[in-house]
Every structure is written in C-alpha cells, then in structure tokens.
$ cat query_24.cif   # mmCIF, C-alpha atoms and all ligand atoms
data_query
loop_
_atom_site.group_PDB
_atom_site.id
_atom_site.type_symbol
_atom_site.label_atom_id
_atom_site.label_comp_id
_atom_site.auth_asym_id
_atom_site.auth_seq_id
_atom_site.Cartn_x
_atom_site.Cartn_y
_atom_site.Cartn_z
ATOM 1 C CA MET A 1 34.208 -32.146 -40.831
ATOM 2 C CA THR A 2 37.154 -34.555 -40.583
ATOM 3 C CA LYS A 3 37.979 -33.875 -44.253
ATOM 4 C CA ASN A 4 38.117 -30.135 -43.583
ATOM 5 C CA ILE A 5 40.596 -30.584 -40.772
ATOM 6 C CA GLN A 6 42.802 -32.755 -42.993
ATOM 7 C CA VAL A 7 42.865 -30.094 -45.710
ATOM 8 C CA VAL A 8 43.784 -27.367 -43.213
ATOM 9 C CA GLU A 9 46.550 -29.569 -41.782
ATOM 10 C CA LYS A 10 47.930 -30.218 -45.285
ATOM 11 C CA ILE A 11 47.967 -26.504 -46.146
ATOM 12 C CA LEU A 12 49.713 -25.660 -42.887
ATOM 13 C CA SER A 13 52.348 -28.388 -43.252
ATOM 14 C CA ALA A 14 53.119 -27.254 -46.844
ATOM 15 C CA ASN A 15 53.400 -23.721 -45.466
ATOM 16 C CA ASP A 16 55.750 -24.840 -42.675
ATOM 17 C CA ARG A 17 58.055 -26.566 -45.170
ATOM 18 C CA ILE A 18 58.467 -23.326 -47.153
ATOM 19 C CA ALA A 19 58.797 -21.340 -43.904
ATOM 20 C CA ALA A 20 61.788 -23.567 -43.039
ATOM 21 C CA GLU A 21 63.323 -22.760 -46.449
ATOM 22 C CA ASN A 22 62.787 -19.034 -45.817
ATOM 23 C CA ARG A 23 64.472 -19.395 -42.432
ATOM 24 C CA SER A 24 67.513 -20.998 -43.991
ATOM 25 C CA ILE A 25 67.736 -18.151 -46.560
ATOM 26 C CA PHE A 26 67.710 -15.635 -43.672
ATOM 27 C CA ASP A 27 70.282 -17.664 -41.728
ATOM 28 C CA GLN A 28 72.622 -18.049 -44.696
ATOM 29 C CA ALA A 29 72.459 -14.284 -45.296
ATOM 30 C CA GLY A 30 73.186 -13.625 -41.613
ATOM 31 C CA VAL A 31 69.909 -11.757 -41.320
ATOM 32 C CA ILE A 32 67.480 -11.677 -38.402
ATOM 33 C CA ALA A 33 63.851 -11.554 -39.505
ATOM 34 C CA LEU A 34 60.891 -10.322 -37.456
ATOM 35 C CA ASN A 35 57.175 -10.786 -38.157
ATOM 36 C CA PHE A 36 55.117 -7.723 -37.087
ATOM 37 C CA MET A 37 51.471 -8.562 -36.472
ATOM 38 C CA ALA A 38 48.626 -6.324 -35.285
ATOM 39 C CA SER A 39 45.118 -5.180 -36.013
ATOM 40 C CA PRO A 40 44.697 -2.567 -38.771
ATOM 41 C CA GLY A 41 45.776 0.862 -37.546
ATOM 42 C CA ALA A 42 47.663 -0.292 -34.430
ATOM 43 C CA GLY A 43 50.823 1.353 -35.724
ATOM 44 C CA LYS A 44 52.843 -1.365 -37.490
ATOM 45 C CA THR A 45 54.035 0.938 -40.255
ATOM 46 C CA SER A 46 54.603 3.813 -37.819
ATOM 47 C CA LEU A 47 56.787 1.559 -35.661
ATOM 48 C CA ILE A 48 58.665 0.398 -38.764
ATOM 49 C CA GLU A 49 59.272 4.021 -39.812
ATOM 50 C CA GLN A 50 60.557 4.989 -36.357
ATOM 51 C CA THR A 51 62.696 1.846 -36.071
ATOM 52 C CA VAL A 52 64.249 2.266 -39.522
ATOM 53 C CA ARG A 53 65.016 5.961 -38.893
ATOM 54 C CA ARG A 54 66.668 5.277 -35.545
ATOM 55 C CA LEU A 55 68.656 2.242 -36.702
ATOM 56 C CA LEU A 56 69.718 3.648 -40.063
ATOM 57 C CA PRO A 57 73.054 5.006 -38.768
ATOM 58 C CA VAL A 58 74.053 1.562 -37.452
ATOM 59 C CA MET A 59 72.416 -0.993 -39.709
ATOM 60 C CA LYS A 60 70.664 -1.544 -43.012
ATOM 61 C CA LEU A 61 67.097 -2.820 -42.851
ATOM 62 C CA ALA A 62 64.754 -4.405 -45.346
ATOM 63 C CA VAL A 63 60.994 -4.315 -44.983
ATOM 64 C CA ILE A 64 58.579 -6.745 -46.619
ATOM 65 C CA ASP A 65 55.107 -5.263 -46.512
ATOM 66 C CA GLY A 66 52.020 -7.396 -46.786
ATOM 67 C CA ASP A 67 48.854 -5.610 -47.775
ATOM 68 C CA ILE A 68 45.567 -6.585 -49.345
ATOM 69 C CA ALA A 69 45.974 -3.720 -51.829
ATOM 70 C CA THR A 70 48.138 -0.587 -52.280
ATOM 71 C CA ASN A 71 51.853 0.137 -51.867
ATOM 72 C CA PHE A 72 51.296 2.808 -49.211
ATOM 73 C CA ASP A 73 53.164 1.023 -46.408
ATOM 74 C CA ALA A 74 56.126 -0.077 -48.532
ATOM 75 C CA ASP A 75 56.433 3.516 -49.781
ATOM 76 C CA ARG A 76 56.497 4.764 -46.158
ATOM 77 C CA ALA A 77 59.183 2.197 -45.225
ATOM 78 C CA ALA A 78 61.259 3.189 -48.270
ATOM 79 C CA ALA A 79 60.901 6.899 -47.437
ATOM 80 C CA ALA A 80 62.205 6.136 -43.935
ATOM 81 C CA GLY A 81 65.314 4.568 -45.498
ATOM 82 C CA ALA A 82 64.613 0.834 -45.742
ATOM 83 C CA LEU A 83 64.919 -1.434 -48.736
ATOM 84 C CA ALA A 84 61.188 -2.047 -49.155
ATOM 85 C CA PHE A 85 59.288 -4.756 -50.933
ATOM 86 C CA GLN A 86 55.499 -4.902 -51.281
ATOM 87 C CA ILE A 87 53.446 -8.093 -51.353
ATOM 88 C CA ASN A 88 49.827 -7.584 -52.388
ATOM 89 C CA THR A 89 47.952 -10.585 -51.066
ATOM 90 C CA GLY A 90 45.034 -10.124 -53.466
ATOM 91 C CA GLY A 91 42.452 -10.303 -50.709
ATOM 92 C CA GLU A 92 44.112 -12.832 -48.384
ATOM 93 C CA CYS A 93 43.881 -11.812 -44.728
ATOM 94 C CA HIS A 94 47.434 -12.909 -43.843
ATOM 95 C CA LEU A 95 50.874 -13.444 -45.308
ATOM 96 C CA ASP A 96 52.022 -17.016 -45.827
ATOM 97 C CA ALA A 97 55.446 -18.564 -46.329
ATOM 98 C CA PRO A 98 55.162 -18.914 -50.153
ATOM 99 C CA MET A 99 54.418 -15.160 -50.442
ATOM 100 C CA VAL A 100 57.526 -14.336 -48.402
ATOM 101 C CA SER A 101 59.508 -16.877 -50.424
ATOM 102 C CA SER A 102 58.556 -15.141 -53.679
ATOM 103 C CA ALA A 103 59.551 -11.767 -52.220
ATOM 104 C CA LEU A 104 62.919 -13.194 -51.143
ATOM 105 C CA LYS A 105 63.532 -14.433 -54.697
ATOM 106 C CA GLN A 106 63.158 -10.873 -55.972
ATOM 107 C CA MET A 107 65.260 -9.004 -53.406
ATOM 108 C CA SER A 108 68.904 -9.065 -52.380
ATOM 109 C CA LEU A 109 69.724 -9.421 -48.685
ATOM 110 C CA LYS A 110 73.324 -8.366 -49.273
ATOM 111 C CA GLY A 111 74.387 -5.871 -46.605
ATOM 112 C CA ILE A 112 71.052 -6.241 -44.767
ATOM 113 C CA GLN A 113 71.123 -7.106 -41.062
ATOM 114 C CA LEU A 114 67.469 -6.971 -40.155
ATOM 115 C CA VAL A 115 64.308 -7.814 -42.092
ATOM 116 C CA ILE A 116 60.950 -6.663 -40.764
ATOM 117 C CA ILE A 117 57.865 -8.242 -42.275
ATOM 118 C CA GLU A 118 54.666 -6.236 -41.819
ATOM 119 C CA ASN A 119 51.851 -8.760 -41.849
ATOM 120 C CA VAL A 120 48.305 -7.980 -42.977
ATOM 121 C CA GLY A 121 46.332 -6.157 -40.252
ATOM 122 C CA ASN A 122 44.400 -8.926 -38.519
ATOM 123 C CA LEU A 123 44.493 -10.520 -35.059
ATOM 124 C CA VAL A 124 43.380 -13.996 -36.182
ATOM 125 C CA CYS A 125 44.754 -15.496 -39.436
ATOM 126 C CA PRO A 126 48.412 -14.307 -39.325
ATOM 127 C CA ALA A 127 48.934 -16.286 -36.089
ATOM 128 C CA SER A 128 48.397 -19.597 -37.932
ATOM 129 C CA PHE A 129 50.963 -19.126 -40.705
ATOM 130 C CA GLN A 130 54.683 -19.414 -39.977
ATOM 131 C CA LEU A 131 56.783 -17.260 -42.308
ATOM 132 C CA GLY A 132 60.276 -18.426 -41.364
ATOM 133 C CA THR A 133 61.042 -15.399 -39.201
ATOM 134 C CA HIS A 134 63.132 -15.726 -36.025
ATOM 135 C CA LYS A 135 60.766 -13.791 -33.784
ATOM 136 C CA SER A 136 57.245 -12.459 -33.938
ATOM 137 C CA VAL A 137 56.178 -9.140 -32.461
ATOM 138 C CA LEU A 138 52.596 -8.143 -31.682
ATOM 139 C CA ILE A 139 51.765 -4.450 -31.748
ATOM 140 C CA ALA A 140 48.733 -3.611 -29.608
ATOM 141 C CA SER A 141 47.480 -0.067 -29.205
ATOM 142 C CA ILE A 142 45.531 1.814 -26.570
ATOM 143 C CA PRO A 143 42.415 2.745 -28.649
ATOM 144 C CA GLU A 144 41.815 -0.955 -29.481
ATOM 145 C CA GLY A 145 40.694 -1.498 -25.884
ATOM 146 C CA ASP A 146 42.049 -3.487 -22.945
ATOM 147 C CA ASP A 147 40.054 -6.671 -23.645
ATOM 148 C CA LYS A 148 41.965 -7.796 -26.739
ATOM 149 C CA PRO A 149 44.208 -10.436 -25.081
ATOM 150 C CA TYR A 150 41.026 -12.141 -23.819
ATOM 151 C CA LYS A 151 39.332 -11.952 -27.236
ATOM 152 C CA TYR A 152 42.306 -12.989 -29.388
ATOM 153 C CA PRO A 153 44.195 -15.503 -27.212
ATOM 154 C CA GLY A 154 45.807 -17.348 -30.164
ATOM 155 C CA MET A 155 47.639 -14.220 -31.253
ATOM 156 C CA TYR A 156 48.776 -13.208 -27.754
ATOM 157 C CA ARG A 157 49.887 -16.751 -26.907
ATOM 158 C CA GLY A 158 52.205 -17.202 -29.881
ATOM 159 C CA VAL A 159 54.350 -14.054 -29.936
ATOM 160 C CA ASP A 160 57.886 -13.358 -28.638
ATOM 161 C CA ALA A 161 57.461 -9.668 -27.828
ATOM 162 C CA LEU A 162 54.625 -7.206 -27.320
ATOM 163 C CA VAL A 163 54.583 -3.500 -28.096
ATOM 164 C CA ILE A 164 51.801 -1.433 -26.538
ATOM 165 C CA ASN A 165 51.667 1.581 -28.840
ATOM 166 C CA LYS A 166 49.894 4.952 -28.556
ATOM 167 C CA ILE A 167 50.487 5.429 -24.823
ATOM 168 C CA ASP A 168 50.094 9.170 -25.534
ATOM 169 C CA LEU A 169 46.336 8.426 -25.801
ATOM 170 C CA LEU A 170 46.044 6.942 -22.281
ATOM 171 C CA PRO A 171 44.647 10.191 -20.804
ATOM 172 C CA TYR A 172 41.874 10.309 -23.421
ATOM 173 C CA VAL A 173 40.768 6.688 -23.911
ATOM 174 C CA PRO A 174 39.447 4.273 -21.271
ATOM 175 C CA PHE A 175 42.105 1.557 -20.960
ATOM 176 C CA ASN A 176 42.792 -0.478 -17.833
ATOM 177 C CA MET A 177 46.484 -1.393 -18.162
ATOM 178 C CA GLU A 178 46.332 -3.784 -15.198
ATOM 179 C CA PHE A 179 43.418 -5.743 -16.738
ATOM 180 C CA PHE A 180 45.173 -5.835 -20.114
ATOM 181 C CA GLN A 181 48.507 -7.029 -18.678
ATOM 182 C CA LYS A 182 46.742 -9.649 -16.535
ATOM 183 C CA GLY A 183 45.209 -11.141 -19.703
ATOM 184 C CA VAL A 184 48.605 -11.156 -21.417
ATOM 185 C CA GLU A 185 50.308 -12.787 -18.419
ATOM 186 C CA ILE A 186 47.801 -15.674 -18.367
ATOM 187 C CA LEU A 187 48.426 -16.419 -22.055
ATOM 188 C CA ASN A 188 52.122 -15.658 -22.367
ATOM 189 C CA PRO A 189 53.835 -15.449 -18.958
ATOM 190 C CA GLY A 190 56.806 -13.117 -18.764
ATOM 191 C CA LEU A 191 56.303 -11.798 -22.321
ATOM 192 C CA VAL A 192 58.837 -9.060 -23.172
ATOM 193 C CA THR A 193 56.693 -5.914 -23.343
ATOM 194 C CA PHE A 194 57.357 -2.328 -24.437
ATOM 195 C CA ARG A 195 55.004 0.568 -23.756
ATOM 196 C CA LEU A 196 55.679 3.352 -26.229
ATOM 197 C CA SER A 197 54.344 6.050 -28.466
ATOM 198 C CA CYS A 198 55.394 6.294 -32.100
ATOM 199 C CA ARG A 199 53.944 9.803 -32.006
ATOM 200 C CA THR A 200 55.887 11.292 -29.087
ATOM 201 C CA GLY A 201 58.856 8.874 -29.010
ATOM 202 C CA ASP A 202 58.199 7.971 -25.356
ATOM 203 C CA GLY A 203 59.488 4.485 -24.528
ATOM 204 C CA MET A 204 61.194 4.128 -27.901
ATOM 205 C CA ASP A 205 64.742 3.806 -26.537
ATOM 206 C CA GLN A 206 64.061 0.475 -24.762
ATOM 207 C CA TRP A 207 62.418 -0.911 -27.916
ATOM 208 C CA ILE A 208 65.358 0.122 -30.105
ATOM 209 C CA GLU A 209 67.774 -1.449 -27.613
ATOM 210 C CA TRP A 210 65.845 -4.758 -27.752
ATOM 211 C CA ILE A 211 65.584 -4.835 -31.539
ATOM 212 C CA GLN A 212 69.269 -4.020 -31.867
ATOM 213 C CA THR A 213 70.106 -6.911 -29.524
ATOM 214 C CA GLN A 214 68.046 -9.244 -31.750
ATOM 215 C CA ALA A 215 69.930 -8.133 -34.848
ATOM 216 C CA ILE A 216 73.372 -8.766 -33.412
ATOM 217 C CA SER A 217 72.553 -12.001 -31.540
HETATM 218 N N1 LIG A 301 48.248 9.113 -31.202
HETATM 219 C C1 LIG A 301 49.016 8.205 -31.810
HETATM 220 N N2 LIG A 301 48.754 7.845 -33.076
HETATM 221 C C2 LIG A 301 49.568 6.927 -33.663
HETATM 222 C C3 LIG A 301 50.673 6.347 -32.990
HETATM 223 N N3 LIG A 301 51.265 5.459 -33.819
HETATM 224 C C4 LIG A 301 50.565 5.488 -34.969
HETATM 225 N N4 LIG A 301 49.539 6.376 -34.889
HETATM 226 C C5 LIG A 301 48.544 6.694 -35.914
HETATM 227 O O1 LIG A 301 47.706 5.545 -36.097
HETATM 228 C C6 LIG A 301 47.289 5.452 -37.466
HETATM 229 C C7 LIG A 301 47.646 4.067 -38.019
HETATM 230 O O2 LIG A 301 49.069 3.931 -38.041
HETATM 231 P P1 LIG A 301 49.803 2.907 -39.018
HETATM 232 O O3 LIG A 301 51.229 2.934 -38.669
HETATM 233 O O4 LIG A 301 49.434 3.178 -40.438
HETATM 234 O O5 LIG A 301 49.139 1.522 -38.547
HETATM 235 P P2 LIG A 301 49.134 0.062 -39.242
HETATM 236 O O6 LIG A 301 47.841 -0.035 -39.991
HETATM 237 O O7 LIG A 301 49.168 -0.909 -38.088
HETATM 238 O O8 LIG A 301 50.349 -0.045 -40.102
HETATM 239 C C8 LIG A 301 47.983 6.585 -38.202
HETATM 240 O O9 LIG A 301 47.064 7.660 -38.302
HETATM 241 C C9 LIG A 301 49.156 6.949 -37.286
HETATM 242 O O10 LIG A 301 49.550 8.298 -37.412
HETATM 243 C C10 LIG A 301 50.944 6.772 -31.645
HETATM 244 O O11 LIG A 301 51.870 6.325 -30.969
HETATM 245 N N5 LIG A 301 50.068 7.702 -31.113
HETATM 246 MG MG MG A 302 50.570 -0.585 -42.112
#
$ encode --input "query_24.cif" --output "structure tokens"
Amino acid sequence: MTKNIQVVEKILSANDRIAAENRSIFDQAGVIALNFMASPGAGKTSLIEQTVRRLLPVMKLAVIDGDIATNFDADRAAAAGALAFQINTGGECHLDAPMVSSALKQMSLKGIQLVIIENVGNLVCPASFQLGTHKSVLIASIPEGDDKPYKYPGMYRGVDALVINKIDLLPYVPFNMEFFQKGVEILNPGLVTFRLSCRTGDGMDQWIEWIQTQAIS
C-alpha cells in the first residue's frame, strides 16, 4: 500500500516538473493556455468551435486536442479556424504534461495568443495531472444531472472557471440549478461561472468577454 502511494507521488512529481517546463514555453511565447475538462459529450469541442469562431477576428488560437482515438475533435477545431494539433493518448484516460510537451515540440506558437487544450472526457483522472496551463475550465452540462459536483468533488474543487453548457435543455431535463450551484459553492466558493448554450448562443457573450480578458492579461 505504502509502495503504491510512493509510485503515484513519483509519477505526479515527474509530471509537475514537465508541466513547469510547458508553462515556461507558454510564457516565453506570450501565450495564455487553458485546460478544458469535462465528461464525454458535455460540449468541450462545441465550446472550442464557438470560441474560435467568435475570437478569430481579434486573435489567433491554437487547440491541442486529447483523445483516446480519432482526430474528429482536432478536425472540428481546425474547421473553425484554429491551428489544431491532435494527441492520441492510446487508451489513457487523461492528458499529462509529457504529452503536451511533445505536442509543443511539433507546433509553432508564433502569432498565437491563446492555446486551448481539450482534455480527455473524464471527470476523475484529468484533475490529477497538471499540464502547465494558466487556468483550468470545467464544462458541465445540463443532461449530466445536478448531482455531479457532489459526486466528483476533486474536479470541481480544482478549477478556475465553470461553464454550465446546454441551458437550452433546461425545459426538457430535470435539473435543479440551486442544488447544483450549492454543491459547487461548498467545493469552490465564488467560482467564476457561465451559463450558456453552444447551440443557441445564449450566454456566450459573457464567456467570450472573460476568455478575451484572460488572453490579454
Ligand atoms: N442541446 C445542446 N446540445 C449541445 C450543446 N453543446 C453541444 N451539444 C451537443 O452535445 C454533443 C457533444 O458535444 P461535443 O462538443 O462533441 O462534446 P465533447 O465530447 O465534450 O467535446 C454534440 O451532439 C453537440 O451537438 C448545447 O449547448 N445544447
Ligand atoms: Mg470533444
């Protein structure tokens, strides 16, 4: 048991060292990097598409897409106008700092102001692995249910911003917003939160304003 814990600690500290190197690459390039985490299907790629399309006239974005298999998400980010890079994790349930490091070695950040990293869809493992990003954003969505902050506290505790996506589905799906927000507030008091719909565009302006402020700060 003790041995197991030591191994996990060693892996995480090696990861953190490379995450610090990634951070300094972002800083030297004058780039702000965000780590998007969510369960599968919450709308990470949809939010990336909408964000890239809306910010395209004012800034150039790069997207690093982590997926167990396929290039689908990187292709969607590229079609929206981002410089897109795909990492296939080969079965791993999260991105780690070495994976991001190898992507950074193969892409140029010249002219890029904002990098969005789409993590593998999972509410557990991605929370444990620093990537070197400046901020992490959790995308929750209405059909997932209002109990998720209570069931996945580690994820909700560690993030810098929360997007509640698919608010267009509120009339059709049971979701107690008060119960959900109460769970979030216990874990992460005062968390910056956006309620929006990637489908209808409702609430998107406030999100774009926030993300733009991150990129120029
Ligand atoms: N109704 C509704 N569907 C959405 C919204 N955002 C994304 N979706 C749908 O949810 C599904 C998963 O979206 P995707 O962006 O691929 O999620 P990801 O797996 O987290 O990257 C797709 O069918 C999207 O069209 C939204 O705001 N409202
Ligand atoms: Mg996706």
$ residues_near_ligand --input "query_24.cif" --ligand "ligand MG 302 (chain A)" --cutoff "9 Å" --atoms "all atoms listed in the file" --output "JSON, numbers by chain"
{"A": [40, 41, 42, 43, 44, 45, 46, 48, 65, 66, 67, 72, 73, 74, 76, 118, 119, 120, 121]}
$ axis_aligned_box --input "query_24.cif" --around "ligand LIG 301 (chain A)" --padding-each-side "8 Å" --output "JSON"
{"center_x": 49.5, "center_y": 4.1, "center_z": -35.7, "size_x": 20.8, "size_y": 26.0, "size_z": 25.5}
$ closest_residue --input "query_24.cif" --among "A:Ala161, A:Ala79, A:Val137, A:Ile142" --to "Leu191 in chain A" --atoms "only C-alpha atoms"
A:Ala161
$ resolve_selection --input "query_24.cif" --expression "the PyMOL selection byres (((chain A and resi 24-30) around 10) and not hetatm)" --output "list of chain:residue names"
A:Ile18, A:Ala19, A:Ala20, A:Glu21, A:Asn22, A:Arg23, A:Val31, A:Ile32, A:Ala33, A:Ser101, A:Leu104, A:Lys105, A:Ser108, A:Leu109, A:Lys110, A:Gly111, A:Ile112, A:Gln113, A:Leu114, A:Val115, A:Gly132, A:Thr133, A:His134, A:Ala215, A:Ile216
$ write_last_selection --input "query_24.cif" --atoms "C-alpha atoms" --output "PDB file, in the frame of the given file"
ATOM      1  CA  ILE A  18      58.467 -23.326 -47.153  1.00  0.00           C
ATOM      2  CA  ALA A  19      58.797 -21.340 -43.904  1.00  0.00           C
ATOM      3  CA  ALA A  20      61.788 -23.567 -43.039  1.00  0.00           C
ATOM      4  CA  GLU A  21      63.323 -22.760 -46.449  1.00  0.00           C
ATOM      5  CA  ASN A  22      62.787 -19.034 -45.817  1.00  0.00           C
ATOM      6  CA  ARG A  23      64.472 -19.395 -42.432  1.00  0.00           C
ATOM      7  CA  VAL A  31      69.909 -11.757 -41.320  1.00  0.00           C
ATOM      8  CA  ILE A  32      67.480 -11.677 -38.402  1.00  0.00           C
ATOM      9  CA  ALA A  33      63.851 -11.554 -39.505  1.00  0.00           C
ATOM     10  CA  SER A 101      59.508 -16.877 -50.424  1.00  0.00           C
ATOM     11  CA  LEU A 104      62.919 -13.194 -51.143  1.00  0.00           C
ATOM     12  CA  LYS A 105      63.532 -14.433 -54.697  1.00  0.00           C
ATOM     13  CA  SER A 108      68.904  -9.065 -52.380  1.00  0.00           C
ATOM     14  CA  LEU A 109      69.724  -9.421 -48.685  1.00  0.00           C
ATOM     15  CA  LYS A 110      73.324  -8.366 -49.273  1.00  0.00           C
ATOM     16  CA  GLY A 111      74.387  -5.871 -46.605  1.00  0.00           C
ATOM     17  CA  ILE A 112      71.052  -6.241 -44.767  1.00  0.00           C
ATOM     18  CA  GLN A 113      71.123  -7.106 -41.062  1.00  0.00           C
ATOM     19  CA  LEU A 114      67.469  -6.971 -40.155  1.00  0.00           C
ATOM     20  CA  VAL A 115      64.308  -7.814 -42.092  1.00  0.00           C
ATOM     21  CA  GLY A 132      60.276 -18.426 -41.364  1.00  0.00           C
ATOM     22  CA  THR A 133      61.042 -15.399 -39.201  1.00  0.00           C
ATOM     23  CA  HIS A 134      63.132 -15.726 -36.025  1.00  0.00           C
ATOM     24  CA  ALA A 215      69.930  -8.133 -34.848  1.00  0.00           C
ATOM     25  CA  ILE A 216      73.372  -8.766 -33.412  1.00  0.00           C
TER      26      ILE A 216
END
$ residues_around --input "query_24.cif" --residues "range 171-173 of chain A" --least-positions-apart "2" --cutoff "8 Å" --atoms "all atoms listed in the file" --output "ChimeraX atom specification"
/A:142-143,168-169,175
$ resolve_selection --input "query_24.cif" --expression "the PyMOL selection byres (((chain A and resi 78) around 12) and not hetatm)" --output "PyMOL selection string"
chain A and resi 45+48-49+52-53+56+60-65+71-77+79-86
$ atom_distance --input "query_24.cif" --atom1 "atom C3 of ligand LIG 301 (chain A)" --atom2 "CA of Tyr156 in chain A"
20.3 Å
$ atom_distance --input "query_24.cif" --atom1 "CA of Ala69 in chain A" --atom2 "CA of Pro149 in chain A"
27.6 Å
$ atom_distance --input "query_24.cif" --atom1 "CA of Leu170 in chain A" --atom2 "CA of Thr193 in chain A"
16.7 Å
$ residues_near_point --input "query_24.cif" --point "(59.0, -15.2, -31.3)" --cutoff "6 Å" --atoms "all atoms listed in the file" --output "VMD selection string"
chain A and resid 135 to 136 159 to 160
$ write_last_selection --input "query_24.cif" --atoms "C-alpha atoms" --output "mmCIF file, in the frame of the given file"
data_model
loop_
_atom_site.group_PDB
_atom_site.id
_atom_site.type_symbol
_atom_site.label_atom_id
_atom_site.label_comp_id
_atom_site.auth_asym_id
_atom_site.auth_seq_id
_atom_site.Cartn_x
_atom_site.Cartn_y
_atom_site.Cartn_z
ATOM 1 C CA LYS A 135 60.766 -13.791 -33.784
ATOM 2 C CA SER A 136 57.245 -12.459 -33.938
ATOM 3 C CA VAL A 159 54.350 -14.054 -29.936
ATOM 4 C CA ASP A 160 57.886 -13.358 -28.638
#
$ resolve_selection --input "query_24.cif" --expression "the PyMOL selection byres (((chain A and resi 138) around 6) and not hetatm)" --output "list in words"
Phe36, Met37, Ala38, Val137, Ile139 and Leu162 of chain A
$ write_last_selection --input "query_24.cif" --atoms "C-alpha atoms" --output "CSV table (one decimal), in the frame of the given file"
chain,number,residue,atom,x,y,z
A,36,PHE,CA,55.1,-7.7,-37.1
A,37,MET,CA,51.5,-8.6,-36.5
A,38,ALA,CA,48.6,-6.3,-35.3
A,137,VAL,CA,56.2,-9.1,-32.5
A,139,ILE,CA,51.8,-4.4,-31.7
A,162,LEU,CA,54.6,-7.2,-27.3
$ decode --input "query_24.cif" --residues "range 174-199 of chain A" --atoms "C-alpha atoms" --output "mmCIF file, in the first residue's frame"
data_model
loop_
_atom_site.group_PDB
_atom_site.id
_atom_site.type_symbol
_atom_site.label_atom_id
_atom_site.label_comp_id
_atom_site.auth_asym_id
_atom_site.auth_seq_id
_atom_site.Cartn_x
_atom_site.Cartn_y
_atom_site.Cartn_z
ATOM 1 C CA PRO A 174 -34.811 17.595 -14.663
ATOM 2 C CA PHE A 175 -32.015 19.790 -13.285
ATOM 3 C CA ASN A 176 -32.155 21.707 -10.014
ATOM 4 C CA MET A 177 -29.819 24.665 -10.617
ATOM 5 C CA GLU A 178 -29.957 25.740 -6.963
ATOM 6 C CA PHE A 179 -28.869 22.269 -5.748
ATOM 7 C CA PHE A 180 -26.102 22.146 -8.359
ATOM 8 C CA GLN A 181 -24.757 25.624 -7.523
ATOM 9 C CA LYS A 182 -24.908 24.875 -3.783
ATOM 10 C CA GLY A 183 -22.625 21.860 -4.340
ATOM 11 C CA VAL A 184 -20.223 23.977 -6.394
ATOM 12 C CA GLU A 185 -20.155 26.754 -3.779
ATOM 13 C CA ILE A 186 -19.192 24.319 -0.992
ATOM 14 C CA LEU A 187 -16.245 22.999 -3.023
ATOM 15 C CA ASN A 188 -15.087 26.133 -4.805
ATOM 16 C CA PRO A 189 -16.543 29.296 -3.232
ATOM 17 C CA GLY A 190 -17.076 32.199 -5.597
ATOM 18 C CA LEU A 191 -16.107 30.164 -8.690
ATOM 19 C CA VAL A 192 -16.485 32.220 -11.896
ATOM 20 C CA THR A 193 -19.455 30.580 -13.634
ATOM 21 C CA PHE A 194 -21.044 30.975 -17.071
ATOM 22 C CA ARG A 195 -24.425 29.544 -18.022
ATOM 23 C CA LEU A 196 -24.638 29.201 -21.785
ATOM 24 C CA SER A 197 -25.748 27.218 -24.769
ATOM 25 C CA CYS A 198 -23.351 26.390 -27.586
ATOM 26 C CA ARG A 199 -26.447 25.518 -29.605
#
